[in-house]
Structure formats: structure tokens, C-alpha cells
Amino acid sequence: MAEDLRAAVASQMKRLSSSGEVVDGLAENGHQNKRLKSDADEEDAEDQNKRSPKRKIVLLMAYSGKGYHGMQRNVGSSQFKTIEDDLVSALVQSGCIPENHGEDMKKMSFQRCARTDKGVSAAGQIVSLKVRLIDDILEKINNHLPSHIRILGLKRVTGGFNSKNKCDARTYSYMLPTFAFAHKDHDVQEEVYRLDKETLQKVNKLLGCYKGTHNFHNFTSQKGPRDPSAKRYIMEMYCGEPFVRENIEFAVIKVKGQSFMMHQIRKMIGLVIAIVKGYAAESIIERSWGEEKVDVPKAPGLGLVLERVHFEKYNRRFGNDGLHEPLEWTEEEEKIAVFKEQYIYPTIINTEKEEKSMANWLNTLSIHDFNSSAVGMQANDKNSKNSSDLEGSDGCDDDSD
């Protein structure tokens with residue numbers, strides 16, 4: 001009987017042990033199943049991204065350029081941070097593009113419309129690229145961007161669309177303190193000065209001289225007088241009514257042209273300032289379009305903003321074809337205006353007050369020889385560069401990507 005009891009206990013222990021092994025095994029398998037399920041979820045998300053159609057789109061961008069070494073990304077160089085560094089990172093993190101497309105931007109057919117340079121901001125930059133059209137795409141991209149860089153709009157475009165080549169005009173603005181127009185013989189206080197109507201009319205008369213097609217070889221360092229590409233077409237250029245911010249009066253100059261060369265806009269504005277202040281004669285503008293080398297001063301980079309890019313020919317051909325939208329941003333105008341008020345204008349105003357870039361540059365105008373041609377200009381350029389290049393070049397190098 002005792003033997004029967006021991007046999008029964010042994011049998012029970014064996015069953016418990018076997019049951020425990022089974023339970024342990026199930027537990028282990030349960031964990032394994034959880035792990036497999038987690039892996040499967042990640043794979044499903046990845047597969048969903050892969051299944052999301054890749055389409056050619058354009059993104060409407062706004063950004064404050066302070067602290068960045070321009071728009072264009074320098075792949076493999078982390079020394080100078082650019083706007084595109086942050087944009088590409090956000091595109092990868094949001095799942096719009098695979099990581100290897102961020103390393104080789106040609107794989108997503110990436111193209112910027114205009115290459116803004118160091119410190120230059122934009123309210124209406126356009127980039128074209130191929131992305132996965134994921135849900136809530138704008139929100140997801142913006143979630144991975146700093147607040148001073150925003151994607152404000154998205155539109156589908158034709159497969160062969162290139163934002164730089166299809167752009168037929170660009171509009172820039174230049175915000176500057178109006179004391180820049182005070183005559184050199186007048187002792188003015190920066191916060192007290194107010195631009196009178198007569199001076200504003202003279203400024204606009206001079207800016208209007210730039211309209212049309214002219215040889216702007218003196219307004220860049222890259223072109224000779226007989227280089228056909230130095231001829232540029234300016235559609236409009238004017239200075240708006242002044243306004244007061246932080247006790248300083250400012251004005252905004254607008255210029256629309258087919259394309260611009262490096263430093264061109266800053267030199268166009270710099271020469272007008274030199275004339276209005278009494279350093280140069282009005283005739284120097286027409287003389288600058290001739291073959292001789294003319295000493296043209298370059299205004300500071302601070303204040304330059306890419307306002308808008310225009311696709312009028314594209315819109316006429318594809319804007320109403322039933323498949324594509326015209327590249328116009330009427331619905332985004334309010335968001336653009338809000339962004340400028342929050343990020344672009346305050347940066348320009350505060351930087352001007354702190355660093356006095358315009359006031360410092362104005363002090364260099366007296367060293368220019370506006371009556372000379374090539375003689376002595378190299379030294380003048382060098383001295384002026386120490387002041388005006390602190391904010392970087394103007395980033396209007398639309399045709400040298």
C-alpha cells in the first residue's frame with residue numbers, strides 16, 4: 001500500500017513537472033509571440049510606407065535664415081548648418097522619404113527654386129521632390145521641424161517638374177531702416193529720423209531706372225561685361241510706405257525679376273542709397289550698364305527675404321488641365337503673413353538694433369570712389385567686405401546651382 005502511495009505521488013509530481021514545463025513553454029512562447037507581433041507591426045508600418053505612392057510635389061516653405069549657412073545642403077559636411085539639413089531630417093523622420101534619399105538627394109529629384117545664402121530668410125520658397133504621400137503629411141513634417149521653419153503648403157505637379165527650371169520670375173523684398181536714405185551732410189539720430197515724401201519719391205524714381213533689360217555685370221563678381229548671361233530683366237522695383245517698429249522707422253523694397261545673380265539685389269539697393277545720400281551722381285546707374293568697371297557698393301545681407309516665386313507659364317499649361325493645380329498660394333497668404341510677423345520681421349529688427357549692420361555699412365560708403373573705374377576698386381571692395389559680408393551674401397544666385 002505504501003508502495004502504491006509512493007507511486008501515486010511520483011506520478012502526480014511528474015504530471016505537475018510536465019505541466020510546469022508546458023506552462024513555462026507557453027510563457028516563453030507567449031513572450032516570443034509578443035516580440036514577433038511587435039516586429040510584425042513595425043514591418044506593417046514599413047510596408048505601408050513602401051506601399052504609399054511616390055509622387056512629385058512642391059512644398060511651400062517659410063523660414064528665418066538667421067543662424068543658418070544658407071538654404072542649400074552640403075552633404076557630408078556638418079560644419080555649417082543649412083535649412084535643407086533640417087528639412088531632409090524632417091522628411092526622413094516623418095516617413096516621407098527613405099533614409100538613403102536624404103543622403104543622396106538626387107534619388108528624390110530634389111530641387112530648390114532659389115538658393116538663399118547665409119542669414120537670408122524666405123516667406124515663399126518652393127522645393128520640388130518625390131515623396132510618399134502619407135496621411136497628414138504637412139503636420140507630420142512640421143512636427144519634426146523647428147518653429148522658425150514651416151511647410152505652409154503642398155501641391156501635386158507633373159512628373160518632370162523642376163522648381164528651378166520652371167520658375168519664370170522671383171520676387172524678393174529688402175527691409176531696411178529709413179535713416180539709410182538720410183543725406184550724408186545731415187546729422188541724424190537713427191530713432192528720430194523719418195522719411196519724407198520727397199525723398200521716398202526720389203528713391204522710387206531711382207529704383208524704377210532698373211526696370212527692363214540691362215547689363216548688370218557691375219552688380220556681381222561673377223560676370224564680365226560681354227557675358228550674355230549678365231543681362232537680366234527686371235519687371236518691377238519700388239519702395240513701400242515707411243512704418244515704425246521698436247521706435248525705428250523701416251521701409252520695404254520689393255523687386256521682381258526673371259532671375260538674379262549673386263549680390264545683384266544688394267548692389268542695386270546699395271547704389272541707390274549712395275545716390276540718395278549724396279555720395280554718387282544719378283548718372284552712375286546708366287554708366288554701370290556700360291563695359292567699364294564701376295565701383296558699386298553692396299548693402300548688408302540682413303533684411304533680404306525671398307518673398308515669392310512665380311510659375312506663370314506652367315500655370316497656363318498645366319494649372320487647369322484637370323489633373324494639376326495652379327501653383328498659386330492664395331489660401332496660404334494669411335499663414336505667410338503670420339509667419340513673417342512672428343519670425344522674419346522680429347529677427348531683422350532685433351538684429352539691426354543689436355548689431356547695427358546698416359549703420360556700420362553706411363560708414364563705409366565714403367571710401368568708395370564713384371567717379372573711378374577699375375583703379376583702386378579692389379581695395380574699396382576689400383574694405384567694404386569687412387562690414388557688409390558679416391550677414392553673408394544675398395543668396396540671389398538663382399542660376400548657379
# chains A, B, ... in the order shown; residues from 1 in each chain; ligands from 1
call {"tool": "residues_around", "arguments": {"residues": "Tyr193 (chain A)", "least_positions_apart": "4", "cutoff": "12 Å", "atoms": "only C-alpha atoms", "output": "list in words"}}
result
Pro177, Thr178, Phe179, Ala180, Phe181, Ala182, His183, His186, Asp187, Val188, Gln189, Pro242, Phe243, Val244, Asn247, Ile248, Glu249 and Phe250 of chain A
call {"tool": "residues_around", "arguments": {"residues": "Pro53 (chain A)", "least_positions_apart": "4", "cutoff": "9 Å", "atoms": "only C-alpha atoms", "output": "PyMOL selection string"}}
result
chain A and resi 49+131-134
call {"tool": "write_last_selection", "arguments": {"atoms": "N, CA, C and O atoms", "output": "compact mmCIF listing (two decimals), in the first residue's frame"}}
result
# COMPACT_ATOMS: atom_id res chain seq x y z
N ASN A 49 4.39 52.30 -45.58
CA ASN A 49 5.15 53.40 -46.17
C ASN A 49 5.60 53.08 -47.58
O ASN A 49 5.54 53.89 -48.48
N VAL A 131 7.96 62.28 -52.96
CA VAL A 131 7.77 61.81 -51.60
C VAL A 131 6.68 60.73 -51.57
O VAL A 131 5.92 60.57 -52.53
N ARG A 132 6.62 60.01 -50.44
CA ARG A 132 5.48 59.13 -50.19
C ARG A 132 4.34 59.99 -49.66
O ARG A 132 4.52 60.71 -48.68
N LEU A 133 3.20 59.89 -50.27
CA LEU A 133 2.06 60.71 -49.85
C LEU A 133 1.36 60.07 -48.66
O LEU A 133 0.29 59.47 -48.77
N ILE A 134 1.97 60.21 -47.49
CA ILE A 134 1.42 59.65 -46.26
C ILE A 134 0.28 60.53 -45.75
O ILE A 134 0.13 61.68 -46.17
call {"tool": "closest_residue", "arguments": {"among": "A:Ile234, A:Met71, A:Cys113, A:Leu302", "to": "Val88 (chain A)", "atoms": "only C-alpha atoms"}}
result
A:Met71
call {"tool": "residues_around", "arguments": {"residues": "region 346-352 of chain A", "least_positions_apart": "3", "cutoff": "8 Å", "atoms": "only C-alpha atoms", "output": "JSON, numbers by chain"}}
result
{"A": [64, 66, 175, 245, 246, 302, 303, 341, 342, 343, 355, 356, 357, 358]}
call {"tool": "write_last_selection", "arguments": {"atoms": "N, CA, C and O atoms", "output": "PDB file, in the first residue's frame"}}
result
ATOM      1  N   SER A  64      13.150  81.545 -41.190  1.00  0.00           N
ATOM      2  CA  SER A  64      14.044  82.621 -40.771  1.00  0.00           C
ATOM      3  C   SER A  64      15.467  82.095 -40.910  1.00  0.00           C
ATOM      4  O   SER A  64      15.823  81.072 -40.320  1.00  0.00           O
ATOM      5  N   LYS A  66      18.399  83.292 -39.987  1.00  0.00           N
ATOM      6  CA  LYS A  66      19.459  83.623 -39.031  1.00  0.00           C
ATOM      7  C   LYS A  66      19.981  82.355 -38.357  1.00  0.00           C
ATOM      8  O   LYS A  66      19.217  81.506 -37.903  1.00  0.00           O
ATOM      9  N   MET A 175      14.120  94.724 -46.356  1.00  0.00           N
ATOM     10  CA  MET A 175      13.651  95.579 -45.271  1.00  0.00           C
ATOM     11  C   MET A 175      14.845  96.324 -44.676  1.00  0.00           C
ATOM     12  O   MET A 175      15.844  95.708 -44.300  1.00  0.00           O
ATOM     13  N   ARG A 245       8.790 100.354 -36.149  1.00  0.00           N
ATOM     14  CA  ARG A 245       8.882  99.182 -35.285  1.00  0.00           C
ATOM     15  C   ARG A 245      10.004  99.408 -34.273  1.00  0.00           C
ATOM     16  O   ARG A 245      11.107  99.791 -34.672  1.00  0.00           O
ATOM     17  N   GLU A 246       9.713  99.145 -33.008  1.00  0.00           N
ATOM     18  CA  GLU A 246      10.722  99.293 -31.954  1.00  0.00           C
ATOM     19  C   GLU A 246      11.380 100.678 -31.992  1.00  0.00           C
ATOM     20  O   GLU A 246      12.597 100.816 -31.853  1.00  0.00           O
ATOM     21  N   LEU A 302      21.413  91.476 -44.237  1.00  0.00           N
ATOM     22  CA  LEU A 302      20.268  91.490 -43.326  1.00  0.00           C
ATOM     23  C   LEU A 302      19.113  92.265 -43.966  1.00  0.00           C
ATOM     24  O   LEU A 302      19.292  93.345 -44.482  1.00  0.00           O
ATOM     25  N   GLY A 303      17.932  91.693 -43.923  1.00  0.00           N
ATOM     26  CA  GLY A 303      16.764  92.354 -44.488  1.00  0.00           C
ATOM     27  C   GLY A 303      16.291  91.748 -45.786  1.00  0.00           C
ATOM     28  O   GLY A 303      15.165  92.005 -46.233  1.00  0.00           O
ATOM     29  N   GLU A 341       5.435  88.000 -39.546  1.00  0.00           N
ATOM     30  CA  GLU A 341       5.289  88.831 -38.345  1.00  0.00           C
ATOM     31  C   GLU A 341       5.894  88.166 -37.109  1.00  0.00           C
ATOM     32  O   GLU A 341       6.414  88.837 -36.221  1.00  0.00           O
ATOM     33  N   GLN A 342       5.823  86.843 -37.052  1.00  0.00           N
ATOM     34  CA  GLN A 342       6.319  86.119 -35.871  1.00  0.00           C
ATOM     35  C   GLN A 342       7.816  85.866 -35.912  1.00  0.00           C
ATOM     36  O   GLN A 342       8.481  85.915 -34.869  1.00  0.00           O
ATOM     37  N   TYR A 343       8.366  85.596 -37.090  1.00  0.00           N
ATOM     38  CA  TYR A 343       9.745  85.110 -37.143  1.00  0.00           C
ATOM     39  C   TYR A 343      10.701  85.950 -37.997  1.00  0.00           C
ATOM     40  O   TYR A 343      11.862  86.125 -37.633  1.00  0.00           O
ATOM     41  N   GLU A 355      23.168  94.717 -33.714  1.00  0.00           N
ATOM     42  CA  GLU A 355      24.432  94.664 -34.445  1.00  0.00           C
ATOM     43  C   GLU A 355      24.684  95.902 -35.308  1.00  0.00           C
ATOM     44  O   GLU A 355      25.799  96.092 -35.795  1.00  0.00           O
ATOM     45  N   LYS A 356      23.631  96.704 -35.539  1.00  0.00           N
ATOM     46  CA  LYS A 356      23.749  97.947 -36.318  1.00  0.00           C
ATOM     47  C   LYS A 356      24.437  97.727 -37.660  1.00  0.00           C
ATOM     48  O   LYS A 356      25.353  98.449 -38.063  1.00  0.00           O
ATOM     49  N   SER A 357      23.999  96.696 -38.367  1.00  0.00           N
ATOM     50  CA  SER A 357      24.645  96.346 -39.633  1.00  0.00           C
ATOM     51  C   SER A 357      24.495  97.446 -40.676  1.00  0.00           C
ATOM     52  O   SER A 357      25.448  97.756 -41.399  1.00  0.00           O
ATOM     53  N   MET A 358      23.312  98.085 -40.760  1.00  0.00           N
ATOM     54  CA  MET A 358      23.126  99.144 -41.749  1.00  0.00           C
ATOM     55  C   MET A 358      23.953 100.378 -41.375  1.00  0.00           C
ATOM     56  O   MET A 358      24.633 100.967 -42.232  1.00  0.00           O
TER      57      MET A 358
END
call {"tool": "decode", "arguments": {"residues": "region 138-168 of chain A", "atoms": "N, CA, C and O atoms", "output": "mmCIF file, in the first residue's frame"}}
result
data_model
loop_
_atom_site.group_PDB
_atom_site.id
_atom_site.type_symbol
_atom_site.label_atom_id
_atom_site.label_comp_id
_atom_site.auth_asym_id
_atom_site.auth_seq_id
_atom_site.Cartn_x
_atom_site.Cartn_y
_atom_site.Cartn_z
ATOM 1 N N LEU A 138 1.712 67.226 -44.062
ATOM 2 C CA LEU A 138 2.254 68.518 -43.633
ATOM 3 C C LEU A 138 2.439 68.569 -42.123
ATOM 4 O O LEU A 138 3.466 69.049 -41.620
ATOM 5 N N GLU A 139 1.455 68.064 -41.394
ATOM 6 C CA GLU A 139 1.536 68.062 -39.935
ATOM 7 C C GLU A 139 2.718 67.234 -39.458
ATOM 8 O O GLU A 139 3.455 67.638 -38.547
ATOM 9 N N LYS A 140 2.913 66.080 -40.084
ATOM 10 C CA LYS A 140 4.000 65.188 -39.660
ATOM 11 C C LYS A 140 5.369 65.788 -39.968
ATOM 12 O O LYS A 140 6.304 65.659 -39.175
ATOM 13 N N ILE A 141 5.502 66.432 -41.117
ATOM 14 C CA ILE A 141 6.785 67.069 -41.435
ATOM 15 C C ILE A 141 7.060 68.205 -40.449
ATOM 16 O O ILE A 141 8.155 68.316 -39.890
ATOM 17 N N ASN A 142 6.062 69.059 -40.228
ATOM 18 C CA ASN A 142 6.247 70.210 -39.334
ATOM 19 C C ASN A 142 6.528 69.795 -37.895
ATOM 20 O O ASN A 142 7.210 70.522 -37.157
ATOM 21 N N ASN A 143 6.026 68.632 -37.500
ATOM 22 C CA ASN A 143 6.295 68.134 -36.141
ATOM 23 C C ASN A 143 7.774 67.876 -35.908
ATOM 24 O O ASN A 143 8.242 67.847 -34.762
ATOM 25 N N HIS A 144 8.508 67.663 -36.991
ATOM 26 C CA HIS A 144 9.951 67.378 -36.880
ATOM 27 C C HIS A 144 10.811 68.566 -37.297
ATOM 28 O O HIS A 144 12.026 68.424 -37.460
ATOM 29 N N LEU A 145 10.195 69.737 -37.467
ATOM 30 C CA LEU A 145 10.932 70.950 -37.830
ATOM 31 C C LEU A 145 10.921 71.943 -36.674
ATOM 32 O O LEU A 145 9.956 71.992 -35.909
ATOM 33 N N PRO A 146 11.960 72.760 -36.547
ATOM 34 C CA PRO A 146 11.914 73.854 -35.555
ATOM 35 C C PRO A 146 10.852 74.863 -35.953
ATOM 36 O O PRO A 146 10.469 74.955 -37.134
ATOM 37 N N SER A 147 10.378 75.651 -35.009
ATOM 38 C CA SER A 147 9.256 76.554 -35.264
ATOM 39 C C SER A 147 9.578 77.635 -36.284
ATOM 40 O O SER A 147 8.669 78.179 -36.921
ATOM 41 N N HIS A 148 10.867 77.962 -36.472
ATOM 42 C CA HIS A 148 11.229 79.014 -37.421
ATOM 43 C C HIS A 148 11.407 78.475 -38.842
ATOM 44 O O HIS A 148 11.853 79.201 -39.737
ATOM 45 N N ILE A 149 11.057 77.207 -39.069
ATOM 46 C CA ILE A 149 10.964 76.637 -40.412
ATOM 47 C C ILE A 149 9.600 75.963 -40.512
ATOM 48 O O ILE A 149 9.284 75.084 -39.715
ATOM 49 N N ARG A 150 8.800 76.366 -41.479
ATOM 50 C CA ARG A 150 7.456 75.812 -41.629
ATOM 51 C C ARG A 150 7.189 75.423 -43.077
ATOM 52 O O ARG A 150 7.600 76.106 -44.016
ATOM 53 N N ILE A 151 6.478 74.298 -43.238
ATOM 54 C CA ILE A 151 5.917 73.927 -44.528
ATOM 55 C C ILE A 151 4.474 74.413 -44.512
ATOM 56 O O ILE A 151 3.659 73.930 -43.723
ATOM 57 N N LEU A 152 4.162 75.373 -45.378
ATOM 58 C CA LEU A 152 2.850 76.018 -45.334
ATOM 59 C C LEU A 152 1.882 75.488 -46.379
ATOM 60 O O LEU A 152 0.678 75.741 -46.301
ATOM 61 N N GLY A 153 2.391 74.755 -47.372
ATOM 62 C CA GLY A 153 1.501 74.250 -48.406
ATOM 63 C C GLY A 153 2.153 73.152 -49.220
ATOM 64 O O GLY A 153 3.383 72.983 -49.204
ATOM 65 N N LEU A 154 1.309 72.386 -49.929
ATOM 66 C CA LEU A 154 1.775 71.273 -50.774
ATOM 67 C C LEU A 154 0.856 71.175 -51.979
ATOM 68 O O LEU A 154 -0.364 71.289 -51.856
ATOM 69 N N LYS A 155 1.432 70.939 -53.141
ATOM 70 C CA LYS A 155 0.640 70.709 -54.349
ATOM 71 C C LYS A 155 1.303 69.635 -55.208
ATOM 72 O O LYS A 155 2.535 69.529 -55.253
ATOM 73 N N ARG A 156 0.464 68.832 -55.882
ATOM 74 C CA ARG A 156 0.967 67.865 -56.847
ATOM 75 C C ARG A 156 1.379 68.579 -58.124
ATOM 76 O O ARG A 156 0.749 69.542 -58.548
ATOM 77 N N VAL A 157 2.448 68.095 -58.750
ATOM 78 C CA VAL A 157 2.927 68.678 -60.006
ATOM 79 C C VAL A 157 3.215 67.563 -60.998
ATOM 80 O O VAL A 157 3.166 66.372 -60.661
ATOM 81 N N THR A 158 3.545 67.939 -62.220
ATOM 82 C CA THR A 158 3.860 66.955 -63.250
ATOM 83 C C THR A 158 5.142 66.207 -62.896
ATOM 84 O O THR A 158 5.997 66.728 -62.177
ATOM 85 N N GLY A 159 5.286 65.004 -63.439
ATOM 86 C CA GLY A 159 6.432 64.155 -63.094
ATOM 87 C C GLY A 159 7.775 64.769 -63.431
ATOM 88 O O GLY A 159 8.760 64.546 -62.741
ATOM 89 N N GLY A 160 7.831 65.558 -64.494
ATOM 90 C CA GLY A 160 9.105 66.154 -64.899
ATOM 91 C C GLY A 160 9.328 67.550 -64.360
ATOM 92 O O GLY A 160 10.268 68.235 -64.783
ATOM 93 N N PHE A 161 8.502 67.972 -63.406
ATOM 94 C CA PHE A 161 8.587 69.340 -62.897
ATOM 95 C C PHE A 161 9.901 69.568 -62.149
ATOM 96 O O PHE A 161 10.340 68.740 -61.356
ATOM 97 N N ASN A 162 10.512 70.732 -62.404
ATOM 98 C CA ASN A 162 11.731 71.142 -61.716
ATOM 99 C C ASN A 162 11.507 72.576 -61.244
ATOM 100 O O ASN A 162 11.308 73.481 -62.054
ATOM 101 N N SER A 163 11.526 72.794 -59.924
ATOM 102 C CA SER A 163 11.121 74.089 -59.379
ATOM 103 C C SER A 163 12.026 75.226 -59.828
ATOM 104 O O SER A 163 11.588 76.372 -59.931
ATOM 105 N N LYS A 164 13.281 74.938 -60.105
ATOM 106 C CA LYS A 164 14.193 75.995 -60.549
ATOM 107 C C LYS A 164 13.997 76.306 -62.024
ATOM 108 O O LYS A 164 13.867 77.467 -62.419
ATOM 109 N N ASN A 165 13.940 75.267 -62.852
ATOM 110 C CA ASN A 165 13.848 75.480 -64.293
ATOM 111 C C ASN A 165 12.480 75.986 -64.740
ATOM 112 O O ASN A 165 12.369 76.710 -65.731
ATOM 113 N N LYS A 166 11.436 75.606 -64.019
ATOM 114 C CA LYS A 166 10.078 76.010 -64.400
ATOM 115 C C LYS A 166 9.695 77.379 -63.840
ATOM 116 O O LYS A 166 8.653 77.917 -64.189
ATOM 117 N N CYS A 167 10.511 77.935 -62.974
ATOM 118 C CA CYS A 167 10.226 79.240 -62.374
ATOM 119 C C CYS A 167 10.561 80.334 -63.380
ATOM 120 O O CYS A 167 11.665 80.376 -63.912
ATOM 121 N N ASP A 168 9.586 81.212 -63.669
ATOM 122 C CA ASP A 168 9.860 82.263 -64.643
ATOM 123 C C ASP A 168 10.041 83.636 -64.018
ATOM 124 O O ASP A 168 10.305 84.611 -64.720
#
